[in-house]
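Text of the file work.cif, holding mmCIF, C-alpha atoms and all ligand atoms:
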```cif
data_model
loop_
_atom_site.label_atom_id
_atom_site.label_comp_id
_atom_site.auth_asym_id
_atom_site.auth_seq_id
_atom_site.Cartn_x
_atom_site.Cartn_y
_atom_site.Cartn_z
CA MET F 1 -69.23 -108.23 -88.93
CA SER F 2 -67.86 -110.65 -91.49
CA THR F 3 -65.54 -109.83 -94.35
CA ILE F 4 -66.73 -110.60 -97.88
CA ILE F 5 -63.70 -109.38 -99.84
CA SER F 6 -60.25 -109.29 -98.34
CA VAL F 7 -57.44 -107.57 -100.27
CA ARG F 8 -53.95 -108.61 -99.11
CA ASP F 9 -50.76 -106.78 -100.01
CA LEU F 10 -52.04 -106.07 -103.50
CA LYS F 11 -49.62 -104.55 -106.00
CA LYS F 12 -50.04 -103.54 -109.61
CA LYS F 13 -47.72 -101.86 -112.05
CA PHE F 14 -48.32 -100.70 -115.60
CA GLY F 15 -44.99 -100.74 -117.41
CA GLU F 16 -42.58 -99.26 -114.88
CA LYS F 17 -45.24 -97.36 -112.99
CA TRP F 18 -46.54 -98.75 -109.70
CA VAL F 19 -50.19 -97.82 -109.19
CA THR F 20 -51.32 -100.19 -106.43
CA GLN F 21 -48.48 -100.37 -103.91
CA GLY F 22 -49.48 -102.83 -101.21
CA VAL F 23 -53.19 -102.40 -100.52
CA ASN F 24 -54.68 -104.18 -97.51
CA LEU F 25 -58.44 -103.80 -97.20
CA ASP F 26 -61.31 -105.82 -95.72
CA ILE F 27 -64.75 -105.13 -97.14
CA PRO F 28 -67.43 -105.86 -94.51
CA GLU F 29 -70.45 -107.82 -95.67
CA GLY F 30 -73.83 -106.06 -95.82
CA MET F 31 -72.36 -102.58 -95.47
CA MET F 32 -71.49 -99.65 -97.70
CA THR F 33 -67.78 -98.93 -97.91
CA VAL F 34 -66.59 -95.81 -99.72
CA ILE F 35 -63.15 -95.54 -101.27
CA ILE F 36 -61.83 -92.01 -101.60
CA GLY F 37 -58.56 -90.63 -102.91
CA ARG F 38 -57.16 -88.11 -105.35
CA SER F 39 -57.73 -88.33 -109.05
CA GLY F 40 -55.29 -90.75 -110.66
CA GLU F 41 -54.51 -92.46 -107.30
CA GLY F 42 -55.65 -95.83 -108.63
CA LYS F 43 -59.16 -96.19 -107.24
CA SER F 44 -60.68 -97.51 -110.46
CA VAL F 45 -57.70 -99.82 -110.94
CA LEU F 46 -58.20 -101.20 -107.41
CA LEU F 47 -61.92 -101.80 -107.97
CA LYS F 48 -61.25 -103.54 -111.28
CA GLN F 49 -58.69 -105.82 -109.62
CA MET F 50 -61.25 -106.72 -106.98
CA ILE F 51 -63.44 -108.32 -109.63
CA GLY F 52 -60.71 -109.70 -111.84
CA LEU F 53 -61.07 -107.17 -114.69
CA ILE F 54 -57.42 -106.23 -114.14
CA HIS F 55 -54.90 -108.83 -113.03
CA PRO F 56 -52.65 -107.73 -110.14
CA THR F 57 -48.87 -107.96 -110.33
CA SER F 58 -48.80 -109.59 -106.87
CA GLY F 59 -50.91 -110.06 -103.77
CA GLU F 60 -54.19 -111.80 -102.96
CA ILE F 61 -57.86 -111.02 -103.27
CA LEU F 62 -59.95 -113.35 -101.16
CA PHE F 63 -63.62 -113.45 -102.11
CA LYS F 64 -65.42 -115.38 -99.38
CA GLY F 65 -62.04 -116.91 -98.58
CA LEU F 66 -61.22 -117.96 -102.17
CA ASP F 67 -58.20 -116.31 -103.81
CA ILE F 68 -59.60 -115.05 -107.11
CA THR F 69 -56.21 -114.02 -108.49
CA LYS F 70 -55.55 -117.73 -109.09
CA LEU F 71 -58.73 -118.42 -111.06
CA SER F 72 -59.15 -118.84 -114.81
CA ASP F 73 -61.41 -116.42 -116.67
CA GLN F 74 -64.15 -119.02 -116.77
CA GLU F 75 -63.93 -119.71 -113.02
CA LEU F 76 -63.95 -115.96 -112.38
CA GLU F 77 -67.11 -115.52 -114.38
CA GLU F 78 -68.78 -118.22 -112.33
CA GLN F 79 -67.66 -116.65 -109.02
CA PHE F 80 -68.74 -113.20 -110.01
CA LYS F 81 -72.20 -113.93 -111.34
CA HIS F 82 -73.47 -112.16 -108.29
CA ILE F 83 -71.27 -109.12 -108.38
CA GLY F 84 -72.55 -106.02 -110.10
CA TYR F 85 -70.25 -103.32 -111.41
CA VAL F 86 -71.45 -99.83 -112.21
CA PHE F 87 -68.84 -98.21 -114.44
CA GLN F 88 -67.43 -94.73 -113.96
CA PHE F 89 -69.31 -93.42 -117.00
CA ALA F 90 -72.71 -95.14 -117.16
CA ALA F 91 -71.39 -97.13 -120.17
CA LEU F 92 -74.72 -97.60 -121.88
CA LEU F 93 -74.72 -98.60 -125.51
CA ASP F 94 -75.97 -95.64 -127.52
CA SER F 95 -77.54 -97.76 -130.22
CA LEU F 96 -79.69 -99.68 -127.73
CA ASN F 97 -82.82 -98.47 -125.97
CA THR F 98 -83.38 -98.74 -122.22
CA PHE F 99 -85.06 -102.14 -122.46
CA GLU F 100 -82.13 -103.56 -124.45
CA ASN F 101 -79.47 -101.88 -122.32
CA VAL F 102 -80.95 -103.18 -119.06
CA GLY F 103 -81.75 -106.65 -120.39
CA ILE F 104 -78.55 -107.06 -122.42
CA THR F 105 -77.02 -109.89 -120.38
CA LEU F 106 -80.18 -111.96 -120.55
CA LEU F 107 -80.84 -111.15 -124.22
CA GLU F 108 -77.26 -112.04 -125.15
CA ASN F 109 -77.68 -115.37 -123.40
CA GLY F 110 -80.62 -116.13 -125.66
CA ALA F 111 -83.57 -115.27 -123.40
CA LYS F 112 -86.76 -114.31 -125.25
CA PRO F 113 -87.61 -110.59 -125.19
CA GLN F 114 -91.08 -111.32 -123.82
CA ASP F 115 -89.48 -113.15 -120.87
CA VAL F 116 -86.93 -110.39 -120.29
CA LEU F 117 -89.49 -107.57 -120.34
CA PRO F 118 -91.06 -108.20 -116.89
CA ILE F 119 -87.58 -108.50 -115.34
CA VAL F 120 -86.46 -105.21 -116.90
CA LYS F 121 -89.67 -103.52 -115.73
CA GLU F 122 -89.12 -104.77 -112.19
CA LYS F 123 -85.53 -103.46 -112.10
CA LEU F 124 -86.55 -100.11 -113.57
CA GLY F 125 -89.12 -99.90 -110.79
CA LEU F 126 -86.37 -100.45 -108.21
CA VAL F 127 -84.48 -97.42 -109.53
CA ASN F 128 -87.66 -95.33 -109.80
CA LEU F 129 -87.79 -95.15 -113.58
CA HIS F 130 -91.15 -95.28 -115.28
CA GLU F 131 -92.11 -97.50 -118.17
CA GLU F 132 -92.08 -94.61 -120.61
CA THR F 133 -88.28 -94.77 -120.55
CA LEU F 134 -88.31 -98.38 -121.84
CA TYR F 135 -87.95 -97.54 -125.50
CA LYS F 136 -85.90 -94.38 -125.23
CA TYR F 137 -82.25 -94.24 -126.30
CA PRO F 138 -79.45 -92.96 -124.01
CA SER F 139 -79.30 -89.65 -125.94
CA GLU F 140 -82.93 -89.02 -124.98
CA LEU F 141 -82.27 -89.47 -121.26
CA SER F 142 -80.82 -87.06 -118.70
CA GLY F 143 -77.52 -87.84 -116.95
CA GLY F 144 -79.31 -88.94 -113.79
CA MET F 145 -81.63 -91.21 -115.76
CA ARG F 146 -78.69 -92.78 -117.57
CA LYS F 147 -77.02 -93.55 -114.24
CA ARG F 148 -80.24 -95.18 -113.08
CA VAL F 149 -80.49 -97.27 -116.25
CA GLY F 150 -76.88 -98.40 -115.58
CA LEU F 151 -77.92 -99.36 -112.08
CA ALA F 152 -81.00 -101.26 -113.30
CA ARG F 153 -78.79 -103.20 -115.71
CA THR F 154 -76.57 -104.22 -112.79
CA LEU F 155 -79.59 -105.38 -110.79
CA VAL F 156 -80.67 -107.80 -113.52
CA THR F 157 -78.11 -110.36 -112.31
CA ASN F 158 -79.46 -110.17 -108.72
CA PRO F 159 -76.07 -109.22 -107.29
CA GLU F 160 -75.13 -109.61 -103.65
CA ILE F 161 -72.34 -107.05 -104.06
CA ILE F 162 -72.45 -103.87 -106.12
CA LEU F 163 -69.29 -101.93 -106.91
CA TYR F 164 -69.90 -98.37 -108.01
CA ASP F 165 -67.29 -96.22 -109.72
CA GLU F 166 -68.25 -92.57 -109.17
CA PRO F 167 -72.01 -92.99 -109.38
CA THR F 168 -72.82 -89.29 -108.98
CA THR F 169 -70.02 -87.51 -110.83
CA GLY F 170 -71.41 -84.92 -113.23
CA LEU F 171 -74.83 -84.79 -111.58
CA ASP F 172 -76.39 -81.77 -109.88
CA PRO F 173 -76.55 -81.99 -106.05
CA ILE F 174 -80.25 -82.85 -106.00
CA THR F 175 -79.98 -85.68 -108.53
CA ALA F 176 -76.81 -86.88 -106.78
CA ARG F 177 -78.76 -87.12 -103.55
CA VAL F 178 -81.54 -89.07 -105.25
CA ILE F 179 -78.93 -91.56 -106.50
CA HIS F 180 -77.33 -91.83 -103.04
CA GLU F 181 -80.71 -92.48 -101.45
CA LEU F 182 -81.42 -95.09 -104.07
CA MET F 183 -78.09 -96.82 -103.41
CA TYR F 184 -78.73 -96.73 -99.67
CA ASP F 185 -82.26 -97.97 -100.04
CA MET F 186 -81.20 -100.86 -102.30
CA GLN F 187 -78.40 -101.81 -99.97
CA LYS F 188 -80.80 -102.10 -97.03
CA ARG F 189 -83.72 -103.61 -98.94
CA LEU F 190 -81.76 -106.17 -100.95
CA LYS F 191 -79.20 -106.70 -98.13
CA LEU F 192 -76.31 -105.91 -100.46
CA THR F 193 -72.69 -105.15 -99.85
CA SER F 194 -71.79 -101.90 -101.61
CA VAL F 195 -68.33 -100.62 -102.46
CA VAL F 196 -68.38 -97.08 -103.80
CA ILE F 197 -65.66 -94.90 -105.28
CA SER F 198 -66.74 -91.32 -104.83
CA HIS F 199 -65.50 -87.75 -104.75
CA ASP F 200 -68.84 -86.65 -103.34
CA ILE F 201 -68.59 -85.98 -99.59
CA GLU F 202 -72.38 -86.25 -99.25
CA ILE F 203 -71.94 -90.02 -99.54
CA PHE F 204 -70.58 -90.18 -95.97
CA LYS F 205 -74.14 -89.69 -94.69
CA TYR F 206 -75.18 -92.97 -96.30
CA ALA F 207 -72.01 -95.02 -95.97
CA ASP F 208 -70.78 -97.20 -93.10
CA LYS F 209 -67.01 -97.26 -93.73
CA VAL F 210 -64.48 -95.07 -95.49
CA ALA F 211 -61.11 -96.11 -96.93
CA LEU F 212 -58.64 -93.49 -98.14
CA LEU F 213 -56.22 -94.47 -100.88
CA ASN F 214 -52.97 -92.51 -100.80
CA ASP F 215 -49.66 -93.31 -102.50
CA GLY F 216 -51.09 -96.62 -103.65
CA LYS F 217 -51.93 -97.77 -100.10
CA ILE F 218 -54.87 -97.52 -97.71
CA ALA F 219 -53.89 -94.60 -95.48
CA TYR F 220 -57.08 -94.74 -93.39
CA PHE F 221 -60.01 -97.05 -92.76
CA GLY F 222 -62.75 -96.04 -90.36
CA ASP F 223 -66.39 -95.17 -89.70
CA ALA F 224 -68.12 -92.89 -92.17
CA LYS F 225 -70.47 -91.36 -89.63
CA THR F 226 -67.64 -89.91 -87.54
CA ILE F 227 -65.36 -88.98 -90.43
CA TRP F 228 -65.67 -85.22 -89.81
CA GLU F 229 -64.39 -85.72 -86.27
CA SER F 230 -61.38 -87.72 -87.39
CA ASP F 231 -58.01 -86.17 -86.70
CA ASN F 232 -56.20 -88.62 -88.94
CA PRO F 233 -54.06 -86.11 -90.84
CA TYR F 234 -54.70 -87.61 -94.29
CA ILE F 235 -58.47 -87.71 -93.78
CA TYR F 236 -58.54 -84.29 -92.15
CA GLN F 237 -56.89 -82.68 -95.13
CA PHE F 238 -58.57 -84.71 -97.83
CA ILE F 239 -62.21 -84.20 -96.89
CA ARG F 240 -61.66 -80.48 -96.37
CA GLY F 241 -59.79 -80.15 -99.64
CA LEU F 242 -56.73 -78.71 -97.94
CA PRO F 243 -53.48 -78.52 -99.87
CA GLU F 244 -50.69 -80.91 -99.04
CA GLY F 245 -48.00 -79.70 -96.69
CA PRO F 246 -46.79 -80.05 -93.13
CA ILE F 247 -49.81 -82.06 -92.06
CA GLN F 248 -49.59 -81.96 -88.28
CA THR F 249 -49.08 -78.22 -88.03
CA GLU F 250 -51.86 -77.61 -90.50
CA VAL F 251 -54.25 -79.67 -88.38
CA ALA F 252 -53.18 -77.95 -85.18
CA HIS F 253 -53.60 -74.59 -86.83
CA PHE F 254 -57.13 -75.31 -87.97
CA LYS F 255 -58.12 -76.78 -84.63
CA ASP F 256 -57.06 -73.57 -82.92
CA LYS F 257 -59.05 -71.53 -85.35
CA PHE F 258 -62.39 -73.28 -85.05
N1 LIG F 301 -54.88 -100.10 -118.46
C1 LIG F 301 -53.97 -99.22 -118.02
N2 LIG F 301 -52.75 -99.16 -118.57
C2 LIG F 301 -51.82 -98.30 -118.13
N3 LIG F 301 -52.02 -97.43 -117.12
C3 LIG F 301 -53.22 -97.44 -116.54
C4 LIG F 301 -54.27 -98.32 -116.96
N4 LIG F 301 -55.36 -98.10 -116.20
C5 LIG F 301 -55.01 -97.10 -115.35
N5 LIG F 301 -53.74 -96.70 -115.55
C6 LIG F 301 -53.03 -95.67 -114.78
O1 LIG F 301 -53.19 -95.94 -113.40
C7 LIG F 301 -53.33 -94.72 -112.66
C8 LIG F 301 -54.57 -94.78 -111.81
O2 LIG F 301 -55.71 -94.74 -112.62
P1 LIG F 301 -57.19 -94.86 -112.05
O3 LIG F 301 -58.09 -94.77 -113.21
O4 LIG F 301 -57.32 -96.06 -111.19
O5 LIG F 301 -57.30 -93.55 -111.15
P2 LIG F 301 -58.52 -93.06 -110.26
O6 LIG F 301 -58.06 -92.96 -108.85
O7 LIG F 301 -59.70 -93.91 -110.53
O8 LIG F 301 -58.74 -91.56 -110.82
P3 LIG F 301 -60.11 -90.74 -111.06
O9 LIG F 301 -60.54 -90.25 -109.72
O10 LIG F 301 -59.68 -89.62 -111.94
O11 LIG F 301 -61.10 -91.66 -111.71
C9 LIG F 301 -53.32 -93.60 -113.68
O12 LIG F 301 -52.04 -93.04 -113.72
C10 LIG F 301 -53.65 -94.29 -114.98
O13 LIG F 301 -53.06 -93.64 -116.06
MG MG F 302 -61.51 -93.61 -111.50
#
```
Could you show the structure in this file as structure tokens?
Ligand SMILES: Nc1ncnc2c1ncn2[C@@H]1O[C@H](COP(=O)(O)OP(=O)(O)OP(=O)(O)O)[C@@H](O)[C@H]1O
Ligand SMILES: [Mg+2]
Amino acid sequence: MSTIISVRDLKKKFGEKWVTQGVNLDIPEGMMTVIIGRSGEGKSVLLKQMIGLIHPTSGEILFKGLDITKLSDQELEEQFKHIGYVFQFAALLDSLNTFENVGITLLENGAKPQDVLPIVKEKLGLVNLHEETLYKYPSELSGGMRKRVGLARTLVTNPEIILYDEPTTGLDPITARVIHELMYDMQKRLKLTSVVISHDIEIFKYADKVALLNDGKIAYFGDAKTIWESDNPYIYQFIRGLPEGPIQTEVAHFKDKF
């Protein structure tokens, strides 16, 4: 198992407030890693630092061994051609239809619409959207469809890594499952590395690794498949939604009960 992104002692403060407080995390290549943690913990900030959208205060981010915190914006762009980022809120442009939203990077770079069309159709096919959505605007699509359009847009650059920020938030459980299966399927089929921020515990069925962010640090990193058996106190409480408190006694108490 090789590491594709290695985060070393990463720290970030906004004003006087420390958000990332010494994160160490190795993202394994070709797997799905889920990052969990409470709202406001700094998950989105961590993900954005991993692709250079936010500059860290200190620390290193090694992408295939290269420290990206030292690169210029232009060098970053070059490095990250093959990284896709799916934003927390689908972030489609309301004034553009599906074809334009998905093909935007290519169209902005001057590609002809007739050349972009087959590529957009292919990517829509990968996310199970039919051609009738091509000329619809975001307001005419359901939440699940908008997420899939966002995903198709990411696929246009043929990424080898996709970072997802809460891909299923706001979706009903059935649509959320469809999206999870799609992410899983794409990861296997296109041999991607996926990094997913999620509050949705269903994701553990599809993921390989789980990292828990707590107090600005990684409090746990382990296998997703066995997460429910973990007696790591942070994980135990977090995935069961238990309130904070005297962790060890809480765990012991629950173990006795069930
Ligand atoms: N550009 C910024 N400037 C100042 N503070 C910021 C900025 N971006 C994020 N923060 C702060 O950093 C903290 C972490 O935010 P972040 O969005 O990473 O949380 P999160 O874990 O993704 O939460 P959620 O689960 O609600 O999405 C918050 O207190 C937020 O206000
Ligand atoms: Mg967030």
Using all atoms listed in the file, can you tell me which of F:Pro56, F:Gly222, F:Gly42, F:Gly150 comes closest to ligand LIG 301 (chain F)? F:Gly42
Each chain F residue no farther than 9 Å from ligand MG 302 (chain F), nearest pair in Å, all atoms listed in the file, as a tab-separated table:
```
residue	atom	partner	partner_atom	distance
F:Ser39	CA	F:MG302	MG	6.9
F:Gly40	CA	F:MG302	MG	6.9
F:Glu41	CA	F:MG302	MG	8.2
F:Gly42	CA	F:MG302	MG	6.9
F:Lys43	CA	F:MG302	MG	5.5
F:Ser44	CA	F:MG302	MG	4.1
F:Val45	CA	F:MG302	MG	7.3
F:Leu47	CA	F:MG302	MG	8.9
F:Gln88	CA	F:MG302	MG	6.5
F:Asp165	CA	F:MG302	MG	6.6
F:Glu166	CA	F:MG302	MG	7.2
F:Ile197	CA	F:MG302	MG	7.6
F:Ser198	CA	F:MG302	MG	8.8
```
Write to file, as a JSON list (two decimals), keeping the file's coordinate frame, the residues of the selection just made, with C-alpha atoms.
```
[["chain", "number", "residue", "atom", "x", "y", "z"],
["F", 39, "SER", "CA", -57.73, -88.33, -109.05],
["F", 40, "GLY", "CA", -55.29, -90.75, -110.66],
["F", 41, "GLU", "CA", -54.51, -92.46, -107.30],
["F", 42, "GLY", "CA", -55.65, -95.83, -108.63],
["F", 43, "LYS", "CA", -59.16, -96.19, -107.24],
["F", 44, "SER", "CA", -60.68, -97.51, -110.46],
["F", 45, "VAL", "CA", -57.70, -99.82, -110.94],
["F", 47, "LEU", "CA", -61.92, -101.80, -107.97],
["F", 88, "GLN", "CA", -67.43, -94.73, -113.96],
["F", 165, "ASP", "CA", -67.29, -96.22, -109.72],
["F", 166, "GLU", "CA", -68.25, -92.57, -109.17],
["F", 197, "ILE", "CA", -65.66, -94.90, -105.28],
["F", 198, "SER", "CA", -66.74, -91.32, -104.83]]
```
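Between CA of Leu171 in chain F and CA of Tyr85 in chain F lies a distance of 19.1 Å.
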Considering all atoms listed in the file, give me a table of residues in chain F that are at most 12 Å from ligand LIG 301 (chain F), with the closest atom pair and distance in Å for each, as CSV.
```
residue,atom,partner,partner_atom,distance
F:Lys11,CA,F:LIG301,O1,11.9
F:Lys12,CA,F:LIG301,O1,9.1
F:Lys13,CA,F:LIG301,N3,8.0
F:Phe14,CA,F:LIG301,C2,4.9
F:Gly15,CA,F:LIG301,C2,7.3
F:Glu16,CA,F:LIG301,C2,9.8
F:Lys17,CA,F:LIG301,N3,7.9
F:Trp18,CA,F:LIG301,O1,8.1
F:Val19,CA,F:LIG301,O1,5.5
F:Thr20,CA,F:LIG301,C8,8.3
F:Gln21,CA,F:LIG301,C8,11.4
F:Ile35,CA,F:LIG301,O6,9.5
F:Ile36,CA,F:LIG301,O6,8.2
F:Gly37,CA,F:LIG301,O6,6.4
F:Arg38,CA,F:LIG301,O9,5.9
F:Ser39,CA,F:LIG301,O9,3.5
F:Gly40,CA,F:LIG301,O5,3.5
F:Glu41,CA,F:LIG301,O6,3.9
F:Gly42,CA,F:LIG301,O4,3.1
F:Lys43,CA,F:LIG301,O6,3.8
F:Ser44,CA,F:LIG301,O4,3.7
F:Val45,CA,F:LIG301,O4,3.8
F:Leu46,CA,F:LIG301,O4,6.4
F:Leu47,CA,F:LIG301,O4,8.0
F:Lys48,CA,F:LIG301,O4,8.5
F:Gln49,CA,F:LIG301,O4,10.0
F:Leu53,CA,F:LIG301,N1,10.1
F:Ile54,CA,F:LIG301,N1,7.9
F:His55,CA,F:LIG301,N1,10.3
F:Pro56,CA,F:LIG301,N1,11.5
F:Phe87,CA,F:LIG301,O11,10.5
F:Gln88,CA,F:LIG301,O11,7.4
F:Phe89,CA,F:LIG301,O11,9.9
F:Tyr164,CA,F:LIG301,O7,11.4
F:Asp165,CA,F:LIG301,O11,7.9
F:Glu166,CA,F:LIG301,O11,7.6
F:Pro167,CA,F:LIG301,O11,11.2
F:Thr169,CA,F:LIG301,O11,9.9
F:Val196,CA,F:LIG301,O7,11.4
F:Ile197,CA,F:LIG301,O7,8.0
F:Ser198,CA,F:LIG301,O9,8.0
F:His199,CA,F:LIG301,O9,7.5
F:Asp200,CA,F:LIG301,O9,11.1
F:Leu212,CA,F:LIG301,O6,10.7
F:Leu213,CA,F:LIG301,O6,8.3
F:Asn214,CA,F:LIG301,O6,9.5
F:Asp215,CA,F:LIG301,O6,10.5
F:Gly216,CA,F:LIG301,C8,9.1
F:Lys217,CA,F:LIG301,O6,11.7
```
Could you dump the residues just selected with C-alpha atoms as a PDB file, keeping the file's coordinate frame?
```pdb
ATOM      1  CA  LYS F  11     -49.620-104.550-106.000  1.00  0.00           C
ATOM      2  CA  LYS F  12     -50.040-103.540-109.610  1.00  0.00           C
ATOM      3  CA  LYS F  13     -47.720-101.860-112.050  1.00  0.00           C
ATOM      4  CA  PHE F  14     -48.320-100.700-115.600  1.00  0.00           C
ATOM      5  CA  GLY F  15     -44.990-100.740-117.410  1.00  0.00           C
ATOM      6  CA  GLU F  16     -42.580 -99.260-114.880  1.00  0.00           C
ATOM      7  CA  LYS F  17     -45.240 -97.360-112.990  1.00  0.00           C
ATOM      8  CA  TRP F  18     -46.540 -98.750-109.700  1.00  0.00           C
ATOM      9  CA  VAL F  19     -50.190 -97.820-109.190  1.00  0.00           C
ATOM     10  CA  THR F  20     -51.320-100.190-106.430  1.00  0.00           C
ATOM     11  CA  GLN F  21     -48.480-100.370-103.910  1.00  0.00           C
ATOM     12  CA  ILE F  35     -63.150 -95.540-101.270  1.00  0.00           C
ATOM     13  CA  ILE F  36     -61.830 -92.010-101.600  1.00  0.00           C
ATOM     14  CA  GLY F  37     -58.560 -90.630-102.910  1.00  0.00           C
ATOM     15  CA  ARG F  38     -57.160 -88.110-105.350  1.00  0.00           C
ATOM     16  CA  SER F  39     -57.730 -88.330-109.050  1.00  0.00           C
ATOM     17  CA  GLY F  40     -55.290 -90.750-110.660  1.00  0.00           C
ATOM     18  CA  GLU F  41     -54.510 -92.460-107.300  1.00  0.00           C
ATOM     19  CA  GLY F  42     -55.650 -95.830-108.630  1.00  0.00           C
ATOM     20  CA  LYS F  43     -59.160 -96.190-107.240  1.00  0.00           C
ATOM     21  CA  SER F  44     -60.680 -97.510-110.460  1.00  0.00           C
ATOM     22  CA  VAL F  45     -57.700 -99.820-110.940  1.00  0.00           C
ATOM     23  CA  LEU F  46     -58.200-101.200-107.410  1.00  0.00           C
ATOM     24  CA  LEU F  47     -61.920-101.800-107.970  1.00  0.00           C
ATOM     25  CA  LYS F  48     -61.250-103.540-111.280  1.00  0.00           C
ATOM     26  CA  GLN F  49     -58.690-105.820-109.620  1.00  0.00           C
ATOM     27  CA  LEU F  53     -61.070-107.170-114.690  1.00  0.00           C
ATOM     28  CA  ILE F  54     -57.420-106.230-114.140  1.00  0.00           C
ATOM     29  CA  HIS F  55     -54.900-108.830-113.030  1.00  0.00           C
ATOM     30  CA  PRO F  56     -52.650-107.730-110.140  1.00  0.00           C
ATOM     31  CA  PHE F  87     -68.840 -98.210-114.440  1.00  0.00           C
ATOM     32  CA  GLN F  88     -67.430 -94.730-113.960  1.00  0.00           C
ATOM     33  CA  PHE F  89     -69.310 -93.420-117.000  1.00  0.00           C
ATOM     34  CA  TYR F 164     -69.900 -98.370-108.010  1.00  0.00           C
ATOM     35  CA  ASP F 165     -67.290 -96.220-109.720  1.00  0.00           C
ATOM     36  CA  GLU F 166     -68.250 -92.570-109.170  1.00  0.00           C
ATOM     37  CA  PRO F 167     -72.010 -92.990-109.380  1.00  0.00           C
ATOM     38  CA  THR F 169     -70.020 -87.510-110.830  1.00  0.00           C
ATOM     39  CA  VAL F 196     -68.380 -97.080-103.800  1.00  0.00           C
ATOM     40  CA  ILE F 197     -65.660 -94.900-105.280  1.00  0.00           C
ATOM     41  CA  SER F 198     -66.740 -91.320-104.830  1.00  0.00           C
ATOM     42  CA  HIS F 199     -65.500 -87.750-104.750  1.00  0.00           C
ATOM     43  CA  ASP F 200     -68.840 -86.650-103.340  1.00  0.00           C
ATOM     44  CA  LEU F 212     -58.640 -93.490 -98.140  1.00  0.00           C
ATOM     45  CA  LEU F 213     -56.220 -94.470-100.880  1.00  0.00           C
ATOM     46  CA  ASN F 214     -52.970 -92.510-100.800  1.00  0.00           C
ATOM     47  CA  ASP F 215     -49.660 -93.310-102.500  1.00  0.00           C
ATOM     48  CA  GLY F 216     -51.090 -96.620-103.650  1.00  0.00           C
ATOM     49  CA  LYS F 217     -51.930 -97.770-100.100  1.00  0.00           C
TER      50      LYS F 217
END
```
Residues near range 113-126 of chain F, anyone? I mean within 8 Å using all atoms listed in the file, not counting same-chain ones fewer than 6 positions away, as JSON, numbers by chain. {"F": [99, 102, 103, 106, 107, 149, 152, 153, 155, 156, 186]}
Answer as a count of residues only, residues within 6 Å of (-73.9, -109.9, -108.5) using all atoms listed in the file: 9
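Coordinates place CA of Asn101 in chain F at a distance of 14.0 Å from CA of Glu131 in chain F.
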Any idea what's packed within 9 Å of Ser2 in chain F, counting only C-alpha atoms, ignoring anything in its chain fewer than 3 positions away? Could you give it as a ChimeraX atom specification? /F:27-30
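Across the structure, CA of Ile51 in chain F and CA of Phe221 in chain F are spaced 20.6 Å apart.
Comparing F:Arg8, F:Arg148, F:Lys112, F:Lys209 by their smallest distance to Val23 in chain F, the closest is F:Arg8 (using only C-alpha atoms).
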Find the residues around Lys136 in chain F up to 9 Å (all atoms listed in the file counted), leave out those fewer than 5 positions away in its own chain, and share them as a ChimeraX atom specification. /F:96-99,141
Which protein, DNA or RNA residues are at most 10 Å from (-64.2, -116.7, -100.3) in the file's coordinates when you count all atoms listed in the file, listed as a list in words? Thr3, Ile4, Ile5, Ser6, Ile61, Leu62, Phe63, Lys64, Gly65, Leu66, Asp67, Ile68 and Gln79 of chain F
Please write out, as lines of an AutoDock Vina configuration file, where the centre of an axis-aligned box around all listed atoms of range 214-225 of chain F lies and how long its edges are, in Å to one decimal, after adding 5 Å on each side.
```
center_x = -60.1
center_y = -94.6
center_z = -96.6
size_x = 30.8
size_y = 16.4
size_z = 24.0
```
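Distance annotation: of F:Ser194, F:Ser58, F:Ser142, F:Thr154, the residue with the minimal separation from Val86 in chain F is F:Thr154; atom set is all atoms listed in the file.
Of the residues listed (F:Ala91, F:Leu192, F:Leu71, F:Val34), F:Leu71 shows the shortest atom-to-atom separation from Gly52 in chain F; distances use all atoms listed in the file.
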Best match for closeness to Ile218 in chain F among F:Gln187, F:Thr105, F:Asn24, F:Asn128, counting only C-alpha atoms: F:Asn24
Using the atoms already present, construct N, CA and C atoms for range 122-129 of chain F and hand them back as a short mmCIF file (atom, residue, chain, number, x, y, z; two decimals), in the frame of the given file.
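The new file selection_27.cif reads:
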```cif
data_model
loop_
_atom_site.label_atom_id
_atom_site.label_comp_id
_atom_site.auth_asym_id
_atom_site.auth_seq_id
_atom_site.Cartn_x
_atom_site.Cartn_y
_atom_site.Cartn_z
N GLU F 122 -89.28 -104.68 -113.65
CA GLU F 122 -89.12 -104.77 -112.19
C GLU F 122 -87.88 -103.98 -111.75
N LYS F 123 -86.77 -104.15 -112.48
CA LYS F 123 -85.53 -103.46 -112.10
C LYS F 123 -85.63 -101.95 -112.30
N LEU F 124 -86.34 -101.55 -113.36
CA LEU F 124 -86.55 -100.11 -113.57
C LEU F 124 -87.35 -99.53 -112.42
N GLY F 125 -88.31 -100.33 -111.94
CA GLY F 125 -89.12 -99.90 -110.79
C GLY F 125 -88.25 -99.68 -109.56
N LEU F 126 -87.26 -100.56 -109.37
CA LEU F 126 -86.37 -100.45 -108.21
C LEU F 126 -85.55 -99.17 -108.23
N VAL F 127 -85.25 -98.66 -109.44
CA VAL F 127 -84.48 -97.42 -109.53
C VAL F 127 -85.37 -96.22 -109.84
N ASN F 128 -86.67 -96.40 -109.61
CA ASN F 128 -87.66 -95.33 -109.80
C ASN F 128 -87.69 -94.75 -111.21
N LEU F 129 -87.60 -95.62 -112.20
CA LEU F 129 -87.79 -95.15 -113.58
C LEU F 129 -89.11 -95.70 -114.08
#
```
